[in-house]
Structures are given as structure tokens and as C-alpha cells.
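Shown below: start14.txt, with compact mmCIF, C-alpha atoms.
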```
# COMPACT_ATOMS: atom_id res chain seq x y z
CA MET A 1 1.83 5.60 -6.91
CA ARG A 2 -1.36 6.75 -8.58
CA ARG A 3 -3.91 8.97 -6.83
CA ASN A 4 -6.65 6.31 -6.77
CA PHE A 5 -4.35 3.81 -5.08
CA LEU A 6 -3.29 6.46 -2.56
CA MET A 7 -6.94 7.05 -1.72
CA VAL A 8 -7.32 3.33 -1.04
CA VAL A 9 -4.19 3.41 1.13
CA LEU A 10 -5.67 6.20 3.26
CA ALA A 11 -8.94 4.31 3.64
CA VAL A 12 -7.12 1.15 4.60
CA LEU A 13 -4.95 2.91 7.16
CA LEU A 14 -8.15 4.18 8.75
CA LEU A 15 -9.62 0.70 8.69
CA VAL A 16 -6.46 -0.78 10.17
CA GLY A 17 -6.49 1.85 12.90
CA LEU A 18 -10.09 1.04 13.75
CA GLY A 19 -9.28 -2.67 13.72
CA SER A 20 -6.34 -2.16 16.05
CA ALA A 21 -8.50 -0.13 18.36
CA ALA A 22 -11.01 -2.94 18.44
CA GLY A 23 -8.15 -5.33 19.20
CA ALA A 24 -8.90 -7.98 16.56
CA ALA A 25 -8.46 -8.74 12.89
CA PRO A 26 -11.54 -9.86 10.93
CA ALA A 27 -12.22 -13.53 11.68
CA ARG A 28 -14.61 -14.21 8.77
CA VAL A 29 -13.66 -12.82 5.36
CA VAL A 30 -15.22 -13.17 1.90
CA SER A 31 -13.13 -12.58 -1.24
CA LEU A 32 -14.85 -11.39 -4.41
CA VAL A 33 -11.90 -11.69 -6.80
CA PRO A 34 -9.40 -14.47 -7.59
CA SER A 35 -6.32 -12.29 -7.05
CA ILE A 36 -7.30 -11.41 -3.49
CA THR A 37 -8.11 -15.06 -2.78
CA GLU A 38 -4.60 -15.97 -3.94
CA ASN A 39 -3.12 -13.24 -1.79
CA ILE A 40 -4.99 -14.40 1.31
CA TYR A 41 -3.32 -17.80 0.93
CA VAL A 42 0.06 -16.17 0.34
CA LEU A 43 -0.37 -14.37 3.65
CA GLY A 44 -1.34 -17.57 5.47
CA ALA A 45 -4.75 -16.09 6.31
CA GLN A 46 -6.83 -18.82 4.66
CA ASP A 47 -8.44 -19.90 7.94
CA GLN A 48 -10.17 -16.50 8.00
CA LEU A 49 -11.51 -17.01 4.46
CA VAL A 50 -15.08 -18.33 4.51
CA GLY A 51 -16.34 -17.38 1.03
CA VAL A 52 -15.00 -17.00 -2.52
CA THR A 53 -16.24 -16.66 -6.09
CA SER A 54 -16.56 -19.43 -8.66
CA TRP A 55 -13.54 -17.91 -10.41
CA CYS A 56 -11.25 -18.41 -7.41
CA ASN A 57 -9.42 -21.50 -8.62
CA TYR A 58 -5.95 -20.96 -7.13
CA PRO A 59 -4.63 -22.38 -4.99
CA PRO A 60 -6.78 -25.50 -5.54
CA GLU A 61 -7.81 -25.54 -1.86
CA ALA A 62 -9.71 -22.28 -2.45
CA GLN A 63 -12.30 -24.25 -4.38
CA GLU A 64 -13.31 -25.97 -1.15
CA LYS A 65 -14.61 -22.67 0.26
CA THR A 66 -18.25 -21.63 -0.01
CA VAL A 67 -19.02 -19.95 -3.36
CA VAL A 68 -20.98 -16.69 -3.17
CA GLY A 69 -21.21 -16.08 -6.93
CA ASP A 70 -18.76 -14.38 -9.28
CA ALA A 71 -17.47 -10.85 -9.73
CA PHE A 72 -20.62 -9.85 -11.62
CA ASN A 73 -23.35 -11.76 -9.80
CA LEU A 74 -23.43 -12.31 -6.04
CA ASN A 75 -25.82 -14.50 -4.11
CA MET A 76 -26.48 -12.15 -1.22
CA GLU A 77 -28.39 -14.80 0.71
CA ILE A 78 -25.38 -17.12 0.75
CA LEU A 79 -23.01 -14.25 1.46
CA LEU A 80 -25.07 -13.11 4.44
CA SER A 81 -25.30 -16.67 5.77
CA LEU A 82 -21.51 -16.67 6.10
CA GLU A 83 -21.74 -13.73 8.52
CA PRO A 84 -18.59 -12.02 7.18
CA ASP A 85 -16.72 -9.42 9.21
CA LEU A 86 -15.22 -8.08 5.99
CA VAL A 87 -15.68 -8.42 2.23
CA LEU A 88 -12.60 -7.93 0.05
CA GLY A 89 -12.57 -6.95 -3.62
CA ASP A 90 -10.93 -5.08 -6.47
CA ALA A 91 -12.38 -1.58 -6.87
CA ASN A 92 -12.72 -2.01 -10.64
CA LEU A 93 -14.47 -5.38 -10.53
CA VAL A 94 -16.84 -4.98 -7.58
CA SER A 95 -17.84 -1.32 -7.83
CA HIS A 96 -21.40 -2.29 -8.80
CA HIS A 97 -21.75 -4.35 -5.59
CA LEU A 98 -20.56 -1.70 -3.16
CA GLN A 99 -23.89 0.00 -2.53
CA SER A 100 -25.70 -3.31 -2.00
CA LEU A 101 -23.10 -4.40 0.52
CA ALA A 102 -23.22 -1.01 2.25
CA ASP A 103 -27.01 -1.24 2.49
CA LEU A 104 -26.52 -4.53 4.37
CA ASP A 105 -23.99 -2.92 6.73
CA ILE A 106 -21.22 -5.26 5.55
CA PRO A 107 -17.74 -3.69 5.81
CA VAL A 108 -15.90 -3.71 2.47
CA PHE A 109 -12.21 -3.26 1.72
CA THR A 110 -11.22 -2.68 -1.92
CA ILE A 111 -7.86 -2.26 -3.59
CA GLN A 112 -6.99 -1.30 -7.15
CA PRO A 113 -3.30 -1.97 -7.85
CA LEU A 114 -2.31 -1.08 -11.41
CA THR A 115 1.45 -1.70 -11.37
CA TYR A 116 3.87 -4.32 -10.10
CA ASP A 117 4.91 -2.13 -7.16
CA GLU A 118 1.30 -1.39 -6.29
CA VAL A 119 0.58 -5.12 -6.19
CA ALA A 120 3.47 -5.52 -3.75
CA GLU A 121 2.15 -2.63 -1.65
CA SER A 122 -1.35 -4.10 -1.67
CA LEU A 123 0.06 -7.25 -0.06
CA VAL A 124 1.40 -5.10 2.78
CA LEU A 125 -1.98 -3.41 3.24
CA LEU A 126 -3.91 -6.67 3.05
CA GLY A 127 -1.55 -8.18 5.60
CA GLU A 128 -2.22 -5.28 7.96
CA VAL A 129 -5.98 -5.55 7.53
CA LEU A 130 -6.03 -9.31 8.14
CA GLY A 131 -3.61 -9.29 11.05
CA HIS A 132 -0.72 -10.79 9.08
CA ALA A 133 1.47 -7.72 8.73
CA ASP A 134 4.80 -9.58 8.80
CA ALA A 135 3.64 -11.96 6.07
CA GLY A 136 2.53 -9.01 3.93
CA GLU A 137 5.90 -7.32 4.25
CA ALA A 138 7.69 -10.58 3.42
CA ALA A 139 5.52 -11.26 0.36
CA ALA A 140 6.08 -7.73 -0.96
CA ALA A 141 9.84 -8.00 -0.43
CA ASN A 142 9.90 -11.35 -2.22
CA MET A 143 8.06 -9.89 -5.22
CA ARG A 144 10.59 -7.06 -5.49
CA GLN A 145 13.56 -9.38 -5.08
CA ARG A 146 12.30 -11.76 -7.77
CA ARG A 147 11.85 -8.84 -10.15
CA GLU A 148 15.44 -7.70 -9.68
CA GLU A 149 16.76 -11.22 -10.21
CA LEU A 150 14.69 -11.67 -13.36
CA LEU A 151 15.63 -8.30 -14.85
CA ASP A 152 19.28 -9.35 -14.69
CA GLN A 153 18.39 -11.89 -17.39
CA VAL A 154 17.17 -9.26 -19.88
CA PRO A 155 19.72 -8.54 -22.66
CA GLU A 156 20.85 -4.93 -22.75
CA ASP A 157 20.38 -4.73 -26.53
CA ALA A 158 16.91 -6.30 -26.57
CA GLU A 159 14.74 -5.15 -29.49
CA VAL A 160 11.61 -7.26 -29.58
CA SER A 161 8.12 -5.98 -30.38
CA VAL A 162 5.13 -7.64 -28.71
CA PHE A 163 1.37 -7.73 -29.09
CA VAL A 164 -0.82 -9.23 -26.35
CA GLU A 165 -4.27 -10.32 -27.44
CA THR A 166 -6.45 -10.38 -24.34
CA TRP A 167 -9.71 -10.93 -26.23
CA ASN A 168 -10.62 -11.71 -29.80
CA GLU A 169 -14.18 -10.45 -30.36
CA PRO A 170 -13.32 -7.63 -30.78
CA ILE A 171 -9.54 -7.83 -30.75
CA SER A 172 -8.40 -6.26 -27.49
CA THR A 173 -5.11 -5.70 -25.72
CA ALA A 174 -3.25 -4.02 -22.87
CA GLY A 175 -1.84 -0.52 -23.16
CA PRO A 176 -0.05 2.04 -20.96
CA GLY A 177 -1.34 2.02 -17.40
CA SER A 178 -1.82 -1.74 -17.31
CA PHE A 179 0.50 -4.12 -15.49
CA LEU A 180 0.82 -6.18 -18.69
CA HIS A 181 2.26 -3.20 -20.54
CA GLU A 182 4.60 -2.66 -17.60
CA LEU A 183 5.75 -6.31 -17.69
CA ILE A 184 6.53 -6.04 -21.40
CA THR A 185 8.54 -2.87 -20.80
CA MET A 186 10.38 -4.38 -17.82
CA ALA A 187 11.29 -7.36 -19.99
CA GLY A 188 13.04 -5.01 -22.42
CA ALA A 189 10.43 -5.37 -25.16
CA HIS A 190 8.26 -2.88 -27.06
CA ASN A 191 4.48 -3.07 -26.79
CA ILE A 192 3.03 -2.21 -30.20
CA ALA A 193 -0.03 -0.85 -28.33
CA HIS A 194 2.16 1.69 -26.52
CA ASP A 195 0.02 4.62 -27.65
CA MET A 196 -3.40 3.35 -26.59
CA ASP A 197 -5.55 5.87 -24.74
CA GLU A 198 -6.59 3.36 -22.06
CA PRO A 199 -5.00 0.51 -20.10
CA TRP A 200 -7.31 -2.14 -21.57
CA GLY A 201 -9.36 -1.94 -24.73
CA GLN A 202 -9.89 -2.65 -28.41
CA PHE A 203 -7.01 -2.42 -30.87
CA SER A 204 -7.11 -2.04 -34.64
CA GLU A 205 -6.24 -5.11 -36.68
CA GLU A 206 -4.87 -2.78 -39.33
CA LEU A 207 -2.39 -1.38 -36.79
CA ILE A 208 -1.33 -4.89 -35.76
CA ILE A 209 -0.55 -5.71 -39.37
CA ASP A 210 1.19 -2.38 -39.94
CA ARG A 211 3.32 -2.63 -36.79
CA ASN A 212 4.08 -6.32 -37.42
CA PRO A 213 5.03 -7.66 -33.95
CA ASP A 214 7.88 -10.12 -33.47
CA VAL A 215 5.94 -11.97 -30.76
CA ILE A 216 2.20 -12.38 -30.14
CA LEU A 217 0.97 -13.50 -26.72
CA LEU A 218 -2.53 -14.93 -26.30
CA THR A 219 -4.39 -14.99 -22.99
CA ASN A 220 -7.67 -16.25 -24.45
CA PHE A 221 -6.96 -19.88 -25.48
CA ASN A 222 -7.60 -19.07 -29.15
CA TYR A 223 -4.33 -20.15 -30.82
CA ASP A 224 -5.94 -22.10 -33.67
CA GLU A 225 -8.30 -19.26 -34.51
CA VAL A 226 -5.45 -16.73 -34.56
CA MET A 227 -3.25 -18.94 -36.74
CA ALA A 228 -6.10 -19.33 -39.23
CA ARG A 229 -6.54 -15.59 -39.81
CA SER A 230 -5.72 -15.07 -43.47
CA SER A 231 -4.68 -11.44 -43.02
CA TRP A 232 -2.12 -12.43 -40.35
CA GLN A 233 -0.18 -14.99 -42.36
CA GLN A 234 2.60 -12.55 -43.25
CA LEU A 235 3.08 -11.26 -39.72
CA THR A 236 6.59 -11.91 -38.45
CA ALA A 237 5.30 -13.58 -35.28
CA VAL A 238 3.08 -15.96 -37.26
CA ARG A 239 5.72 -16.68 -39.90
CA ASP A 240 8.43 -17.36 -37.29
CA GLY A 241 6.24 -19.48 -35.04
CA ARG A 242 6.28 -16.97 -32.18
CA VAL A 243 2.57 -16.92 -31.37
CA VAL A 244 2.34 -18.21 -27.81
CA GLU A 245 -0.57 -19.04 -25.55
CA VAL A 246 0.21 -18.06 -21.95
CA ASN A 247 -1.45 -18.87 -18.65
CA PRO A 248 -4.13 -16.17 -18.40
CA ASP A 249 -4.27 -16.44 -14.63
CA ILE A 250 -0.68 -15.39 -14.00
CA PHE A 251 -0.82 -12.72 -16.70
CA SER A 252 -4.09 -11.17 -15.53
CA ARG A 253 -4.20 -11.37 -11.73
CA THR A 254 -2.69 -8.83 -9.36
CA SER A 255 -0.93 -11.37 -7.15
CA PRO A 256 2.70 -12.39 -6.55
CA ARG A 257 2.38 -14.66 -9.58
CA LEU A 258 3.02 -11.56 -11.71
CA ALA A 259 6.66 -12.47 -11.06
CA ASP A 260 5.92 -15.83 -12.70
CA ALA A 261 4.43 -13.93 -15.65
CA LEU A 262 7.56 -11.81 -15.93
CA GLU A 263 9.73 -14.94 -15.85
CA ALA A 264 7.59 -16.62 -18.51
CA LEU A 265 7.71 -13.51 -20.69
CA ILE A 266 11.50 -13.25 -20.51
CA THR A 267 11.77 -16.94 -21.45
CA ILE A 268 9.42 -16.49 -24.41
CA LEU A 269 11.25 -13.43 -25.69
CA TYR A 270 14.84 -14.57 -25.39
CA SER A 271 15.01 -18.38 -25.31
CA ARG A 272 15.19 -19.43 -28.95
```

Will you turn the file into C-alpha cells for me?
Amino acid sequence: MRRNFLMVVLAVLLLVGLGSAAGAAPARVVSLVPSITENIYVLGAQDQLVGVTSWCNYPPEAQEKTVVGDAFNLNMEILLSLEPDLVLGDANLVSHHLQSLADLDIPVFTIQPLTYDEVAESLVLLGEVLGHADAGEAAAANMRQRREELLDQVPEDAEVSVFVETWNEPISTAGPGSFLHELITMAGAHNIAHDMDEPWGQFSEELIIDRNPDVILLTNFNYDEVMARSSWQQLTAVRDGRVVEVNPDIFSRTSPRLADALEALITILYSR
């Protein structure tokens, strides 16, 4: 487990201890990121959820909650009107809101899971914070069990190279340190962006052509644009019809649906 996630764990344990001392879990919670909103429903804590962002579209019932903005722009007046006991967010996405929330004396709990196991562990921590500890443990165990069952489907002699295009202007992808890179590796495939210096970032089109992936995954709904790129026409993935649009929500959110992403990836790679 990485140092930054351990720091969050320590902070959460302190928060949980204070909550236990007070004798109650937070009754009114606002979620600032879609993944945490999903996880609140997984835990069965949706009755505590009073506010979400406009990006929180899953499960569909989440869209019935009061919208406080998105990850980049919050309506503090609406947020304050909800009288939250706790605001939940991802440390990467809401860092620019933390001081504003602190100035308003609103308690904030952030997590920053970067791997499959850290996502599972974050469910445990979130369950403890919200008073649904058993549900958090069960959700984490289910994620781990699904992974083991899915990995049994991966051929031992798998040799498939993959490129994931997460954005097209400029062309960007996922490298080491991202959960997408980890999913590709778990699925027995080779990420052609394996030597990137950062988990998420730009990637050279020249390198894509040189490394010639067998499969290209798109999370940006830009299939037609990709297929029309003249310089990509000789790529193996394009020539063999293995350019695939995937559900960006399950491939980009740190929720139990990462297991769905792993299942979809294994199907794409080995069902021909």
C-alpha cells in the first residue's frame, strides 16, 4: 500500500475513533465524486447521502439527490443548505476545495486509492466512517473474490499488447501506478505505455505506431475519429478490427465495478 494511502488510513482511523466516541455515524453526507457515490450505495448508506455532483450518474437513483456542482465547481450555498455532517471526496479531484470547506468548518474525508486492493480497502474504511462496517468488509471481500475467479480465465500463455486511449486531444493514456495499467497486467496483457513516468498523461503517437498494439481500448467515445486517422491504418489493432470502445465509467471509477472492467477486458482480449 502506498504511503499516501497509508496517510489517509491513519486520518480515517482517527476520524472513526472520534465518531465512535461521539456515538454516531454522520447522518448527512455529501459526495463530491461519482466513485464515492457508487460506493455509498454499495454499502447501503444511501439514506445518509443528501448531496452529489452532476457527474454522479450511477446508480440511477443517485440522480435524485441534490446536486452541489461537479468536482471542479461547487455551489457552496447549496452545499451549506444541506447541513452536511461530512463531505466525502477523492484527494486528487477535490484538493482545490479542501481549504474552502475547512474555512466553513465542514468535516471532510478524502481517499485516494490507486490500485485494485486499495479500492477494496477504501470500501472498508468508508464503511467504518459511515457506520456500515460489515457492509464494507463484505464489499471488499466480494471484490477480491471476483478478481480471483476472473483471473482463472486468463490463458497462461497470453501475449497481447494493449493501448488505452483515455483522451484524444492530446492523445493520453494510463501508465504504471494507475489502476488501468494494473487491470491490463492482471489480465495477462502488456501495456505499451508500461514505461510512462506518470500514472496518467500524454503519450507519443509515434510510439503507438512503433509499438503497434494488438488491441486499442477507447474510453472517450471517439471510435470514428480514431478509425479515420490515416497514420493508424496499418496498426494491427485497426487492421484486425480490435479497436473497442469501453464503458468509461467502469474503467475510470474506483468502485467495485473495477471487477466489471476486468471481466470486460478479459472478454475483449481472449474471446475471438

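Shortest atom-to-atom contact with Asp105 (chain A) among A:Leu86, A:Ala120, A:Leu258, A:Leu183: A:Leu86, counting all atoms listed in the file.
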
TODO: Choose the residue, out of A:Val33, A:Leu150, A:Ile184, A:Met196, that has the smallest atom-to-atom separation from Gln112 (chain A); count only C-alpha atoms.
DONE: A:Val33

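Interatomic distance, CA of Glu205 (chain A) against CA of Ser161 (chain A): 15.7 Å.
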
Skip Tyr58 (chain A) itself and residues of its chain fewer than 4 positions away, then list as a PDB file with C-alpha atoms, in the frame of the given file all residues within 10 Å of it, counting all atoms listed in the file.
```pdb
ATOM      1  CA  PRO A  34      -9.400 -14.470  -7.590  1.00  0.00           C
ATOM      2  CA  SER A  35      -6.320 -12.290  -7.050  1.00  0.00           C
ATOM      3  CA  THR A  37      -8.110 -15.060  -2.780  1.00  0.00           C
ATOM      4  CA  GLU A  38      -4.600 -15.970  -3.940  1.00  0.00           C
ATOM      5  CA  ASN A  39      -3.120 -13.240  -1.790  1.00  0.00           C
ATOM      6  CA  TYR A  41      -3.320 -17.800   0.930  1.00  0.00           C
ATOM      7  CA  ALA A  62      -9.710 -22.280  -2.450  1.00  0.00           C
ATOM      8  CA  GLN A  63     -12.300 -24.250  -4.380  1.00  0.00           C
ATOM      9  CA  ASP A 249      -4.270 -16.440 -14.630  1.00  0.00           C
TER      10      ASP A 249
END
```

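With distances taken from (3.5, -9.4, -13.2) and restricted to all atoms listed in the file, the residues inside 7 Å are Tyr116, Phe179, Leu180, Leu183, Phe251, Arg257, Leu258, Ala259, Asp260, Ala261 and Leu262 of chain A.
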
Task: Polymer residues at most 10 Å from region 236-241 of chain A, all atoms listed in the file, same-chain spacing of 5 or more positions, as a PyMOL selection string - done: chain A and resi 161-163+209+211-217+226-229

Take the selection from the previous step and output its residues with C-alpha atoms, as a PDB file, keeping the file's coordinate frame.
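The file below, selection22.pdb, is the result:
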```
ATOM      1  CA  SER A 161       8.120  -5.980 -30.380  1.00  0.00           C
ATOM      2  CA  VAL A 162       5.130  -7.640 -28.710  1.00  0.00           C
ATOM      3  CA  PHE A 163       1.370  -7.730 -29.090  1.00  0.00           C
ATOM      4  CA  ILE A 209      -0.550  -5.710 -39.370  1.00  0.00           C
ATOM      5  CA  ARG A 211       3.320  -2.630 -36.790  1.00  0.00           C
ATOM      6  CA  ASN A 212       4.080  -6.320 -37.420  1.00  0.00           C
ATOM      7  CA  PRO A 213       5.030  -7.660 -33.950  1.00  0.00           C
ATOM      8  CA  ASP A 214       7.880 -10.120 -33.470  1.00  0.00           C
ATOM      9  CA  VAL A 215       5.940 -11.970 -30.760  1.00  0.00           C
ATOM     10  CA  ILE A 216       2.200 -12.380 -30.140  1.00  0.00           C
ATOM     11  CA  LEU A 217       0.970 -13.500 -26.720  1.00  0.00           C
ATOM     12  CA  VAL A 226      -5.450 -16.730 -34.560  1.00  0.00           C
ATOM     13  CA  MET A 227      -3.250 -18.940 -36.740  1.00  0.00           C
ATOM     14  CA  ALA A 228      -6.100 -19.330 -39.230  1.00  0.00           C
ATOM     15  CA  ARG A 229      -6.540 -15.590 -39.810  1.00  0.00           C
TER      16      ARG A 229
END
```

Task: Counting only C-alpha atoms, the option among A:Leu32, A:Ala25, A:Val52, A:Ile250 closest to Ala264 (chain A) - done: A:Ile250

- [ ] Give me the residues within 9 Å of Pro199 (chain A) as a PyMOL selection string, counting all atoms listed in the file and dropping any in the same chain fewer than 2 places off.
- [x] chain A and resi 173-181+196-197+201

Just the selected residues (C-alpha atoms), exported as a PDB file, in the coordinates of the input, please.
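This is the output file selection-v9.pdb:
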```
ATOM      1  CA  THR A 173      -5.110  -5.700 -25.720  1.00  0.00           C
ATOM      2  CA  ALA A 174      -3.250  -4.020 -22.870  1.00  0.00           C
ATOM      3  CA  GLY A 175      -1.840  -0.520 -23.160  1.00  0.00           C
ATOM      4  CA  PRO A 176      -0.050   2.040 -20.960  1.00  0.00           C
ATOM      5  CA  GLY A 177      -1.340   2.020 -17.400  1.00  0.00           C
ATOM      6  CA  SER A 178      -1.820  -1.740 -17.310  1.00  0.00           C
ATOM      7  CA  PHE A 179       0.500  -4.120 -15.490  1.00  0.00           C
ATOM      8  CA  LEU A 180       0.820  -6.180 -18.690  1.00  0.00           C
ATOM      9  CA  HIS A 181       2.260  -3.200 -20.540  1.00  0.00           C
ATOM     10  CA  MET A 196      -3.400   3.350 -26.590  1.00  0.00           C
ATOM     11  CA  ASP A 197      -5.550   5.870 -24.740  1.00  0.00           C
ATOM     12  CA  GLY A 201      -9.360  -1.940 -24.730  1.00  0.00           C
TER      13      GLY A 201
END
```

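Between CA of Arg146 (chain A) and CA of Ile268 (chain A) lies a distance of 17.5 Å.
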